$ cat start_20.tsv   # TSV, C-alpha atoms and all ligand atoms
chain	number	residue	atom	x	y	z
A	121	MET	CA	105.06	119.98	96.11
A	122	LEU	CA	105.82	122.83	98.49
A	123	LEU	CA	102.55	124.50	99.57
A	124	THR	CA	104.27	127.78	100.24
A	125	ALA	CA	105.51	127.99	96.63
A	126	ALA	CA	102.02	128.82	95.31
A	127	ARG	CA	100.37	132.21	95.68
A	128	PRO	CA	96.89	131.68	97.23
A	129	ALA	CA	93.78	132.97	95.48
A	130	GLY	CA	92.37	136.26	96.77
A	131	PRO	CA	90.93	137.70	98.90
A	132	TYR	CA	92.93	137.48	102.17
A	133	VAL	CA	96.07	136.34	100.33
A	134	GLU	CA	98.34	137.11	103.28
A	135	ALA	CA	96.25	135.20	105.86
A	136	LYS	CA	95.87	132.30	103.42
A	137	ALA	CA	99.64	132.19	102.95
A	138	ARG	CA	100.01	131.84	106.72
A	139	ILE	CA	97.48	128.97	106.66
A	140	ALA	CA	99.59	127.26	103.98
A	141	SER	CA	102.79	127.83	106.00
A	142	ALA	CA	101.25	126.33	109.14
A	143	ILE	CA	100.15	123.25	107.19
A	144	GLU	CA	103.54	123.03	105.51
A	145	ALA	CA	105.21	123.20	108.94
A	146	ALA	CA	102.97	120.31	110.12
A	147	ARG	CA	103.51	118.28	106.91
A	148	ASP	CA	105.14	115.28	108.63
A	149	GLU	CA	102.55	115.19	111.40
A	150	ILE	CA	99.65	115.30	108.90
A	151	LEU	CA	101.06	112.72	106.47
A	152	ASP	CA	102.20	110.44	109.28
A	153	LEU	CA	98.57	110.41	110.48
A	154	SER	CA	97.36	109.54	106.97
A	155	HIS	CA	99.86	106.68	106.65
A	156	ARG	CA	99.21	105.29	110.14
A	157	ILE	CA	95.46	105.19	109.52
A	158	HIS	CA	96.09	103.55	106.12
A	159	GLU	CA	98.15	100.83	107.81
A	160	HIS	CA	95.54	100.24	110.55
A	161	PRO	CA	92.23	99.98	108.71
A	162	GLU	CA	89.18	99.90	111.01
A	163	PRO	CA	85.61	99.43	109.72
A	164	ALA	CA	82.57	101.61	110.45
A	165	PHE	CA	81.87	102.26	114.16
A	166	GLU	CA	85.14	100.54	115.14
A	167	GLU	CA	87.59	103.33	114.21
A	168	ARG	CA	88.92	103.51	117.79
A	169	GLN	CA	92.61	103.90	117.01
A	170	ALA	CA	92.06	106.45	114.22
A	171	ALA	CA	89.68	108.50	116.37
A	172	ALA	CA	92.16	108.51	119.27
A	173	TRP	CA	95.03	109.68	117.01
A	174	ILE	CA	92.83	112.37	115.47
A	175	ALA	CA	91.54	113.63	118.84
A	176	GLU	CA	95.11	113.77	120.16
A	177	THR	CA	96.42	115.74	117.18
A	178	VAL	CA	93.59	118.27	117.14
A	179	ALA	CA	93.95	118.82	120.92
A	180	ARG	CA	97.70	119.38	120.49
A	181	HIS	CA	96.89	122.30	118.19
A	182	GLY	CA	94.76	124.09	120.76
A	183	TYR	CA	91.26	122.74	120.14
A	184	ARG	CA	88.92	121.89	122.98
A	185	VAL	CA	88.14	118.25	122.16
A	186	GLU	CA	85.14	116.03	122.92
A	187	HIS	CA	85.86	112.37	122.30
A	188	PRO	CA	83.59	110.51	122.19
A	189	ALA	CA	81.25	113.19	120.87
A	190	GLY	CA	77.55	112.40	121.21
A	191	ARG	CA	76.51	108.74	121.22
A	192	LEU	CA	79.20	107.46	118.85
A	193	GLU	CA	82.31	106.18	120.58
A	194	THR	CA	84.51	107.05	117.60
A	195	ALA	CA	83.14	110.54	116.87
A	196	VAL	CA	85.33	113.54	117.64
A	197	ARG	CA	84.51	117.24	117.92
A	198	GLY	CA	87.09	119.96	118.38
A	199	THR	CA	86.22	123.63	118.79
A	200	LEU	CA	88.40	126.70	118.71
A	201	PRO	CA	86.90	130.15	119.35
A	202	GLY	CA	87.95	133.02	117.10
A	203	GLY	CA	90.03	135.67	118.83
A	204	ARG	CA	87.62	138.46	117.85
A	205	GLY	CA	84.73	137.27	119.98
A	206	PRO	CA	81.84	134.84	119.67
A	207	ARG	CA	79.68	137.02	117.40
A	208	GLY	CA	80.48	135.53	114.01
A	209	SER	CA	80.07	132.43	111.92
A	210	ARG	CA	80.69	128.83	112.88
A	211	VAL	CA	82.45	126.86	110.16
A	212	ALA	CA	83.17	123.13	110.25
A	213	VAL	CA	85.86	121.09	108.53
A	214	LEU	CA	85.15	117.36	108.56
A	215	SER	CA	87.14	114.13	108.51
A	216	GLU	CA	86.21	110.53	107.75
A	217	TYR	CA	88.35	107.56	108.75
A	218	ASP	CA	86.44	104.29	108.38
A	219	ALA	CA	87.86	101.53	106.16
A	220	LEU	CA	86.17	98.77	104.17
A	221	PRO	CA	85.92	95.26	105.64
A	222	GLY	CA	88.51	92.94	104.12
A	223	ILE	CA	89.99	95.46	101.67
A	224	GLY	CA	91.25	98.25	103.94
A	225	HIS	CA	91.36	101.92	102.96
A	226	ALA	CA	90.11	101.31	99.42
A	227	CYS	CA	88.03	104.49	99.66
A	228	GLY	CA	91.05	106.51	100.78
A	229	HIS	CA	89.47	107.83	103.97
A	230	ASN	CA	92.93	108.04	105.53
A	231	THR	CA	93.53	111.08	103.28
A	232	MET	CA	90.21	112.57	104.42
A	233	ALA	CA	91.14	112.10	108.07
A	234	ALA	CA	94.52	113.74	107.60
A	235	SER	CA	93.28	116.60	105.39
A	236	GLY	CA	90.51	117.51	107.87
A	237	VAL	CA	93.00	117.52	110.72
A	238	GLY	CA	95.43	119.50	108.52
A	239	ALA	CA	92.73	122.11	107.84
A	240	ALA	CA	92.13	122.40	111.58
A	241	ILE	CA	95.89	122.94	112.08
A	242	GLY	CA	95.96	125.62	109.37
A	243	LEU	CA	92.97	127.43	110.87
A	244	ALA	CA	94.49	127.37	114.35
A	245	ALA	CA	97.28	129.60	112.98
A	246	VAL	CA	94.80	132.35	112.04
A	247	ALA	CA	92.09	131.85	114.68
A	248	GLY	CA	93.16	134.99	116.53
A	249	GLU	CA	92.04	137.28	113.74
A	250	VAL	CA	88.50	136.00	113.09
A	251	ALA	CA	85.27	136.08	115.08
A	252	GLY	CA	82.97	133.09	115.62
A	253	GLU	CA	84.14	129.53	115.98
A	254	ILE	CA	86.19	126.96	114.10
A	255	VAL	CA	84.77	123.46	114.40
A	256	PHE	CA	86.53	120.19	113.58
A	257	LEU	CA	84.28	117.13	113.24
A	258	GLY	CA	85.63	113.59	113.09
A	259	THR	CA	82.77	111.64	111.57
A	260	PRO	CA	82.72	107.82	111.82
A	261	ALA	CA	80.88	105.19	109.81
A	262	GLU	CA	80.45	106.64	106.33
A	263	GLU	CA	80.77	103.31	104.49
A	264	ARG	CA	77.92	101.77	106.45
A	265	GLY	CA	75.55	103.20	109.01
A	266	SER	CA	75.56	106.96	108.18
A	267	GLY	CA	77.41	108.13	111.29
A	268	LYS	CA	76.83	111.78	110.38
A	269	GLN	CA	73.07	111.33	110.87
A	270	PHE	CA	73.69	110.30	114.50
A	271	MET	CA	75.94	113.34	114.91
A	272	LEU	CA	73.24	115.61	113.44
A	273	ASP	CA	70.68	114.06	115.81
A	274	ASP	CA	73.08	114.53	118.74
A	275	GLY	CA	73.31	118.26	118.04
A	276	LEU	CA	76.99	118.20	117.04
A	277	PHE	CA	76.24	120.35	113.97
A	278	ALA	CA	74.14	122.83	115.98
A	279	GLY	CA	74.79	126.41	114.92
A	280	VAL	CA	77.22	125.36	112.16
A	281	ASP	CA	76.94	127.66	109.12
A	282	ALA	CA	78.95	125.65	106.61
A	283	ALA	CA	80.50	122.18	106.35
A	284	ILE	CA	83.45	121.23	104.14
A	285	LEU	CA	84.70	117.69	103.45
A	286	PHE	CA	87.13	116.57	100.73
A	287	HIS	CA	87.04	113.05	99.20
A	288	PRO	CA	89.86	111.45	97.13
A	289	SER	CA	88.91	110.15	93.68
A	290	ASP	CA	90.23	109.41	90.20
A	291	LEU	CA	88.70	112.73	89.05
A	292	THR	CA	88.54	116.26	90.41
A	293	GLN	CA	84.95	117.42	90.80
A	294	ILE	CA	83.63	120.14	93.06
A	295	GLU	CA	79.96	119.20	93.02
A	296	ALA	CA	79.20	115.79	94.52
A	297	ARG	CA	76.11	114.19	93.03
A	298	LEU	CA	74.98	111.54	95.49
A	299	LEU	CA	72.45	108.74	95.37
A	300	ALA	CA	70.10	108.24	98.31
A	301	SER	CA	71.08	104.94	99.88
A	302	GLU	CA	70.04	102.58	102.62
A	303	ASP	CA	71.42	99.38	104.10
A	304	VAL	CA	69.03	96.43	104.27
A	305	ASP	CA	69.65	93.38	106.44
A	306	VAL	CA	67.49	90.41	105.46
A	307	THR	CA	67.17	87.30	107.64
A	308	PHE	CA	65.21	84.23	106.53
A	309	LEU	CA	64.38	81.58	109.13
A	310	GLY	CA	63.41	78.04	108.16
A	311	ARG	CA	63.92	74.66	109.87
A	312	ALA	CA	67.03	72.47	109.95
A	313	SER	CA	66.90	68.80	109.08
A	314	HIS	CA	69.09	66.03	107.62
A	315	ALA	CA	69.59	66.85	103.96
A	316	ALA	CA	69.60	63.16	102.91
A	317	SER	CA	67.51	61.18	105.37
A	318	GLU	CA	64.64	63.68	106.04
A	319	PRO	CA	64.97	66.64	103.64
A	320	TRP	CA	61.16	66.96	103.57
A	321	GLU	CA	61.23	67.93	107.24
A	322	GLY	CA	63.40	70.96	106.48
A	323	VAL	CA	62.49	74.49	105.50
A	324	ASN	CA	65.38	75.84	103.44
A	325	ALA	CA	66.44	79.40	104.30
A	326	LEU	CA	69.23	79.33	101.69
A	327	ASP	CA	66.62	78.68	98.99
A	328	ALA	CA	64.87	81.87	100.08
A	329	LEU	CA	68.14	83.79	99.63
A	330	VAL	CA	68.71	82.24	96.19
A	331	LEU	CA	65.19	83.22	95.14
A	332	LEU	CA	65.66	86.74	96.46
A	333	PHE	CA	68.90	87.23	94.53
A	334	GLY	CA	67.17	85.82	91.42
A	335	SER	CA	64.21	88.16	91.69
A	336	ILE	CA	66.48	91.16	92.31
A	337	GLY	CA	68.41	90.24	89.16
A	338	LEU	CA	65.18	90.22	87.14
A	339	TRP	CA	63.96	93.40	88.87
A	340	ARG	CA	67.07	95.26	87.71
A	341	GLN	CA	65.87	94.99	84.09
A	342	GLN	CA	62.97	97.27	84.96
A	343	LEU	CA	64.84	99.74	87.18
A	344	ARG	CA	65.84	103.23	86.08
A	345	PRO	CA	69.51	103.58	85.04
A	346	ASP	CA	70.54	105.44	88.20
A	347	ALA	CA	69.02	102.86	90.58
A	348	ARG	CA	71.30	100.37	92.30
A	349	VAL	CA	70.65	97.19	94.29
A	350	HIS	CA	73.57	95.08	95.43
A	351	GLY	CA	74.26	92.65	98.23
A	352	ILE	CA	76.20	89.79	99.73
A	353	ILE	CA	75.31	86.60	101.60
A	354	LEU	CA	76.50	86.69	105.21
A	355	GLU	CA	75.11	83.32	106.31
A	356	GLY	CA	73.94	80.57	103.99
A	357	GLY	CA	74.09	77.43	106.10
A	358	THR	CA	76.70	75.60	108.14
A	359	ALA	CA	77.12	72.20	106.44
A	360	ALA	CA	76.11	70.60	103.15
A	361	ASN	CA	74.24	67.81	104.94
A	362	ILE	CA	72.01	70.16	106.92
A	363	ILE	CA	69.06	72.00	105.36
A	364	PRO	CA	70.03	75.61	106.22
A	365	GLU	CA	67.83	76.96	108.95
A	366	ARG	CA	69.08	80.51	108.72
A	367	GLY	CA	69.97	82.69	105.75
A	368	VAL	CA	71.28	86.21	106.18
A	369	ALA	CA	72.12	88.76	103.49
A	370	ARG	CA	73.05	92.43	103.49
A	371	PHE	CA	72.01	94.71	100.65
A	372	MET	CA	72.16	98.35	99.71
A	373	ILE	CA	69.56	100.08	97.58
A	374	ARG	CA	70.18	103.45	95.94
A	375	SER	CA	68.66	106.06	93.66
A	376	SER	CA	69.26	109.71	92.75
A	377	ASP	CA	65.53	110.43	93.10
A	378	GLN	CA	64.05	110.48	96.61
A	379	ALA	CA	60.50	109.58	95.49
A	380	TYR	CA	61.73	106.69	93.33
A	381	PHE	CA	63.92	105.56	96.21
A	382	GLU	CA	60.84	105.32	98.49
A	383	TRP	CA	59.14	103.14	95.89
A	384	MET	CA	62.24	100.90	95.59
A	385	ARG	CA	62.28	100.43	99.34
A	386	THR	CA	58.68	99.18	99.36
A	387	ARG	CA	59.25	96.95	96.33
A	388	PHE	CA	62.41	95.46	97.86
A	389	ALA	CA	60.50	94.48	101.01
A	390	GLU	CA	57.86	92.80	98.79
A	391	LEU	CA	60.54	90.74	97.03
A	392	CYS	CA	61.77	89.54	100.45
A	393	GLU	CA	58.20	88.61	101.46
A	394	ALA	CA	57.70	86.76	98.16
A	395	ALA	CA	60.87	84.67	98.67
A	396	ALA	CA	59.73	83.82	102.20
A	397	ARG	CA	56.28	82.78	100.99
A	398	ALA	CA	57.71	80.63	98.20
A	399	THR	CA	59.95	78.67	100.56
A	400	GLY	CA	57.86	78.61	103.73
A	401	CYS	CA	60.39	80.66	105.68
A	402	THR	CA	59.75	83.68	107.83
A	403	VAL	CA	61.63	86.85	107.02
A	404	ASN	CA	62.86	89.90	108.87
A	405	VAL	CA	63.81	92.96	106.80
A	406	GLU	CA	65.66	95.74	108.55
A	407	PHE	CA	66.46	99.07	106.90
A	408	SER	CA	69.14	101.27	108.50
A	409	GLY	CA	71.91	103.80	107.89
A	410	ARG	CA	70.05	105.93	105.41
A	411	SER	CA	71.99	108.54	103.47
A	412	GLU	CA	70.37	111.24	101.36
A	413	THR	CA	70.91	112.90	97.99
A	414	MET	CA	73.28	115.89	97.99
A	415	ARG	CA	72.27	119.55	98.02
A	416	HIS	CA	75.54	121.09	96.82
A	417	ASN	CA	76.14	124.70	97.86
A	418	ARG	CA	77.28	126.39	94.68
A	419	LEU	CA	78.56	129.55	96.35
A	420	ILE	CA	80.92	127.70	98.68
A	421	GLY	CA	81.80	125.28	95.87
A	422	ASP	CA	82.87	128.20	93.65
A	423	ARG	CA	85.10	129.55	96.44
A	424	TYR	CA	86.61	126.08	96.83
A	425	LEU	CA	87.42	125.83	93.12
A	426	ALA	CA	88.95	129.32	93.03
A	427	ASN	CA	91.23	128.45	95.96
A	428	LEU	CA	92.06	125.00	94.55
A	429	GLU	CA	93.09	126.37	91.15
A	430	ALA	CA	95.80	128.44	92.85
A	431	TYR	CA	97.53	125.10	93.53
A	432	GLY	CA	97.43	124.15	89.86
A	433	ILE	CA	94.52	121.68	90.07
A	434	ARG	CA	91.77	121.92	87.44
A	435	GLU	CA	88.29	120.49	87.58
A	436	ASP	CA	87.44	117.49	85.34
A	437	PRO	CA	84.27	117.43	83.21
A	438	PRO	CA	81.19	115.93	84.94
A	439	THR	CA	80.64	112.15	84.72
A	440	PRO	CA	77.52	110.05	85.30
A	441	ASN	CA	79.23	108.03	88.09
A	442	MET	CA	77.61	108.49	91.47
A	443	GLY	CA	78.11	107.06	94.92
A	444	SER	CA	76.42	107.79	98.20
A	445	SER	CA	77.52	109.51	101.38
A	446	ASP	CA	76.02	110.61	104.66
A	447	MET	CA	77.42	114.02	103.71
A	448	GLY	CA	74.10	114.20	101.82
A	449	ASN	CA	72.31	114.20	105.20
A	450	VAL	CA	74.47	117.12	106.35
A	451	SER	CA	73.74	118.95	103.09
A	452	LEU	CA	70.00	118.90	103.86
A	453	ALA	CA	70.66	120.62	107.21
A	454	LEU	CA	73.13	123.39	106.30
A	455	PRO	CA	75.28	124.78	103.44
A	456	THR	CA	77.66	121.95	102.51
A	457	ILE	CA	80.24	120.96	99.92
A	458	HIS	CA	81.80	117.54	99.31
A	459	PRO	CA	84.41	118.07	96.57
A	460	SER	CA	86.64	115.31	95.15
A	461	ILE	CA	90.26	115.68	94.07
A	462	ALA	CA	92.06	113.14	91.88
A	463	ILE	CA	94.81	111.13	93.59
A	464	CYS	CA	95.31	108.70	90.65
A	465	PRO	CA	94.73	108.46	86.88
A	466	PRO	CA	91.13	108.51	85.59
A	467	GLY	CA	89.52	105.07	85.46
A	468	VAL	CA	90.86	103.63	88.71
A	469	PRO	CA	87.67	102.49	90.46
A	470	GLY	CA	86.93	103.32	94.08
A	471	HIS	CA	86.72	100.39	96.53
A	472	SER	CA	89.46	98.57	94.60
A	473	ILE	CA	92.94	97.33	95.56
A	474	GLU	CA	94.41	99.85	93.06
A	475	PHE	CA	92.63	102.72	94.77
A	476	ARG	CA	93.76	101.52	98.18
A	477	GLU	CA	97.37	101.58	96.97
A	478	ALA	CA	96.83	105.03	95.38
A	479	ALA	CA	95.74	106.40	98.77
A	480	ARG	CA	99.28	106.24	100.12
A	481	THR	CA	101.32	107.49	97.15
A	482	PRO	CA	103.26	110.79	97.05
A	483	ARG	CA	100.49	112.16	94.82
A	484	ALA	CA	97.84	111.30	97.46
A	485	ASP	CA	100.04	112.96	100.08
A	486	ASP	CA	100.28	116.15	98.00
A	487	VAL	CA	96.52	116.17	97.49
A	488	THR	CA	95.94	115.60	101.21
A	489	LEU	CA	97.97	118.72	102.04
A	490	ILE	CA	96.39	120.80	99.27
A	491	ALA	CA	92.89	119.69	100.35
A	492	ALA	CA	93.73	120.69	103.93
A	493	THR	CA	94.97	124.08	102.77
A	494	VAL	CA	92.04	124.82	100.47
A	495	ALA	CA	89.42	123.74	103.03
A	496	ALA	CA	91.05	126.01	105.62
A	497	GLN	CA	91.26	128.91	103.16
A	498	VAL	CA	87.59	128.61	102.22
A	499	ALA	CA	86.70	128.36	105.92
A	500	TYR	CA	88.75	131.52	106.51
A	501	GLU	CA	86.82	133.40	103.83
A	502	LEU	CA	83.54	132.33	105.44
A	503	LEU	CA	84.73	133.28	108.94
A	504	ALA	CA	86.07	136.63	107.79
A	505	ASP	CA	83.08	137.69	105.69
A	506	ARG	CA	79.67	137.27	107.27
A	507	SER	CA	77.95	138.34	104.03
A	508	LEU	CA	79.37	135.25	102.29
A	509	VAL	CA	77.79	132.99	104.93
A	510	GLU	CA	74.51	134.84	104.60
A	511	ALA	CA	74.57	134.35	100.82
A	512	ALA	CA	75.30	130.62	101.29
A	513	TRP	CA	72.28	130.34	103.58
A	514	ARG	CA	70.11	132.26	101.08
A	515	GLU	CA	71.11	129.79	98.37
A	516	PHE	CA	70.44	126.88	100.74
A	517	ARG	CA	66.96	128.14	101.62
A	518	GLY	CA	66.15	128.93	98.01
A	519	SER	CA	67.10	125.45	96.81
A	520	ARG	CA	64.81	123.67	99.24
B	1	ZN	ZN	84.48	107.25	100.76
B	2	ZN	ZN	83.52	104.35	99.98
$ encode --input "start_20.tsv" --output "structure tokens"
Amino acid sequence: MLLTAARPAGPYVEAKARIASAIEAARDEILDLSHRIHEHPEPAFEERQAAAWIAETVARHGYRVEHPAGRLETAVRGTLPGGRGPRGSRVAVLSEYDALPGIGHACGHNTMAASGVGAAIGLAAVAGEVAGEIVFLGTPAEERGSGKQFMLDDGLFAGVDAAILFHPSDLTQIEARLLASEDVDVTFLGRASHAASEPWEGVNALDALVLLFGSIGLWRQQLRPDARVHGIILEGGTAANIIPERGVARFMIRSSDQAYFEWMRTRFAELCEAAARATGCTVNVEFSGRSETMRHNRLIGDRYLANLEAYGIREDPPTPNMGSSDMGNVSLALPTIHPSIAICPPGVPGHSIEFREAARTPRADDVTLIAATVAAQVAYELLADRSLVEAAWREFRGSR
């Protein structure tokens, strides 16, 4: 679709139309970025090519760019001061660009990368008429490791009044409901020996893994419906005639309730200890990459929906499906929204081959451009009207 064919939602219709025109004019540049990232999938913390492309593009449109930004090699920050002086709000549009190991961009983060960059391009066209600062943040490692938490710790969100990040989905939903989540790496150590001639000399680390998976399976019967525990075996021995000395697995645990999540964490560590005791192994359990539940900012979310509807996209009814994102961590620090827009028919699961293919269709391209436009238009409203930002902060403080 042609972005300039739709009349933007008020207020600031004229400025918003110029945002849409600037994004329309950069259509090929934005979609080419989305397609290139889709064709070159890079997993968490290794998004070097994507980060370089993104940094280049944002710099080309007048942003002062830090890359790397903070401690993460693949983080990017671009800033553009408003033409009406520094006394104003600071609004951030975000991008993600990590892929999933082995399956590529099955979460569609290529569209998130391109839409965030597109929003930055749209805002550059109107920067002269607002005060404050436009911030672009390229945020690595969402699928594993919670890169945004490092960026928060590194002060890259300092002074930011609002953060906006779009995610592709099979449904359009403004409010993201996120589960708290943490990665857990479990390593059992036993003793190798000949599996036929002296098996009694061995201590079997694979057995410990098998027991752990068994006890997690039984544990699930007693878990609340929103709790999740899932994992894979990374190392389970090297040859059938050697008692495995080392067993390594990676899990994720999740819940929508922070207190329950804390309890799950403790219980999970006990299950690991129990499997070690039963087999005579030692165990190391390492939690990392924590992401938090989402504190959705309703005021900014309502502005997002109003601007989105001008492009003919309606919100779907709420569903019980929930994932996790380090955008939850950002939402505990400042007013944040993490809306989803459908790029495929309902029922196509995320992290699937079908979803990966959907992330590079003409429909996904249209959504990428609309998401860029709407994010920039909402950012414009926030930059132009200080009272809106103040109301978003009041809601944020009240919901704590
Ligand atoms: Zn994702
Ligand atoms: Zn994902």
$ residues_near_point --input "start_20.tsv" --point "(100.8, 125.2, 105.5)" --cutoff "7 Å" --atoms "only C-alpha atoms" --output "PyMOL selection string"
chain A and resi 123-124+138-145+242+493
$ closest_atom_pairs --input "start_20.tsv" --of "chain A" --to "ligand ZN 2 (chain B)" --cutoff "9 Å" --atoms "only C-alpha atoms and all ligand atoms" --output "tab-separated table"
residue	atom	partner	partner_atom	distance
A:Asp218	CA	B:ZN2	ZN	8.9
A:Ala219	CA	B:ZN2	ZN	8.1
A:Leu220	CA	B:ZN2	ZN	7.5
A:His225	CA	B:ZN2	ZN	8.7
A:Ala226	CA	B:ZN2	ZN	7.3
A:Cys227	CA	B:ZN2	ZN	4.5
A:Gly228	CA	B:ZN2	ZN	7.9
A:His229	CA	B:ZN2	ZN	8.0
A:Glu262	CA	B:ZN2	ZN	7.4
A:Glu263	CA	B:ZN2	ZN	5.4
A:Arg264	CA	B:ZN2	ZN	8.9
A:Gly443	CA	B:ZN2	ZN	7.9
A:Ser444	CA	B:ZN2	ZN	8.1
A:Ser445	CA	B:ZN2	ZN	8.0
A:Gly470	CA	B:ZN2	ZN	6.9
A:His471	CA	B:ZN2	ZN	6.2
$ residues_around --input "start_20.tsv" --residues "Arg385 in chain A" --least-positions-apart "6" --cutoff "9 Å" --atoms "only C-alpha atoms" --output "ChimeraX atom specification"
/A:302,373,407
$ closest_residue --input "start_20.tsv" --among "A:Met442, A:Ile420, A:Val185, A:Ala312" --to "ligand ZN 1 (chain B)" --atoms "all atoms listed in the file"
A:Met442
$ closest_residue --input "start_20.tsv" --among "A:Leu285, A:Ala212, A:Leu276, A:Ala496" --to "Ala137 in chain A" --atoms "all atoms listed in the file"
A:Ala496
$ residues_around --input "start_20.tsv" --residues "Val133 in chain A" --least-positions-apart "3" --cutoff "12 Å" --atoms "all atoms listed in the file" --output "MDAnalysis selection string"
chainID A and resid 124 126:130 136:140 427 430 497:498 500:501
$ residues_around --input "start_20.tsv" --residues "Ile463 in chain A" --least-positions-apart "2" --cutoff "8 Å" --atoms "all atoms listed in the file" --output "VMD selection string"
chain A and resid 288 to 291 461 465 478 to 479 483 to 484 487
$ residues_around --input "start_20.tsv" --residues "His458 in chain A" --least-positions-apart "5" --cutoff "12 Å" --atoms "only C-alpha atoms" --output "VMD selection string"
chain A and resid 213 to 216 232 282 to 289 292 to 298 413 to 418 420 to 421 424 to 425 443 to 451 491 495
$ residues_around --input "start_20.tsv" --residues "Gly202 in chain A" --least-positions-apart "4" --cutoff "9 Å" --atoms "all atoms listed in the file" --output "number ranges by chain"
A: 206, 208, 246-254, 503
$ build_atoms --input "start_20.tsv" --residues "range 489-494 of chain A" --atoms "all heavy atoms" --output "JSON list (two decimals), keeping the file's coordinate frame"
[["chain", "number", "residue", "atom", "x", "y", "z"],
["A", 489, "LEU", "N", 97.52, 117.42, 101.52],
["A", 489, "LEU", "CA", 97.97, 118.72, 102.04],
["A", 489, "LEU", "C", 97.27, 119.88, 101.32],
["A", 489, "LEU", "O", 96.89, 120.87, 101.95],
["A", 489, "LEU", "CB", 99.49, 118.84, 101.90],
["A", 489, "LEU", "CG", 100.29, 117.83, 102.74],
["A", 489, "LEU", "CD1", 101.77, 117.85, 102.35],
["A", 489, "LEU", "CD2", 100.15, 118.12, 104.23],
["A", 490, "ILE", "N", 97.09, 119.74, 100.02],
["A", 490, "ILE", "CA", 96.39, 120.80, 99.27],
["A", 490, "ILE", "C", 94.93, 120.87, 99.73],
["A", 490, "ILE", "O", 94.39, 121.96, 99.94],
["A", 490, "ILE", "CB", 96.49, 120.54, 97.74],
["A", 490, "ILE", "CG1", 97.94, 120.75, 97.29],
["A", 490, "ILE", "CG2", 95.54, 121.45, 96.98],
["A", 490, "ILE", "CD1", 98.21, 120.30, 95.86],
["A", 491, "ALA", "N", 94.29, 119.70, 99.90],
["A", 491, "ALA", "CA", 92.89, 119.69, 100.35],
["A", 491, "ALA", "C", 92.77, 120.32, 101.73],
["A", 491, "ALA", "O", 91.79, 121.04, 102.01],
["A", 491, "ALA", "CB", 92.35, 118.26, 100.37],
["A", 492, "ALA", "N", 93.74, 120.07, 102.60],
["A", 492, "ALA", "CA", 93.73, 120.69, 103.93],
["A", 492, "ALA", "C", 93.81, 122.21, 103.80],
["A", 492, "ALA", "O", 93.05, 122.95, 104.42],
["A", 492, "ALA", "CB", 94.91, 120.16, 104.75],
["A", 493, "THR", "N", 94.73, 122.65, 102.94],
["A", 493, "THR", "CA", 94.97, 124.08, 102.77],
["A", 493, "THR", "C", 93.74, 124.78, 102.19],
["A", 493, "THR", "O", 93.30, 125.82, 102.70],
["A", 493, "THR", "CB", 96.19, 124.29, 101.83],
["A", 493, "THR", "OG1", 97.28, 123.52, 102.35],
["A", 493, "THR", "CG2", 96.59, 125.74, 101.74],
["A", 494, "VAL", "N", 93.18, 124.18, 101.15],
["A", 494, "VAL", "CA", 92.04, 124.82, 100.47],
["A", 494, "VAL", "C", 90.81, 124.84, 101.38],
["A", 494, "VAL", "O", 90.11, 125.85, 101.47],
["A", 494, "VAL", "CB", 91.77, 124.11, 99.12],
["A", 494, "VAL", "CG1", 90.48, 124.62, 98.49],
["A", 494, "VAL", "CG2", 92.95, 124.31, 98.19]]
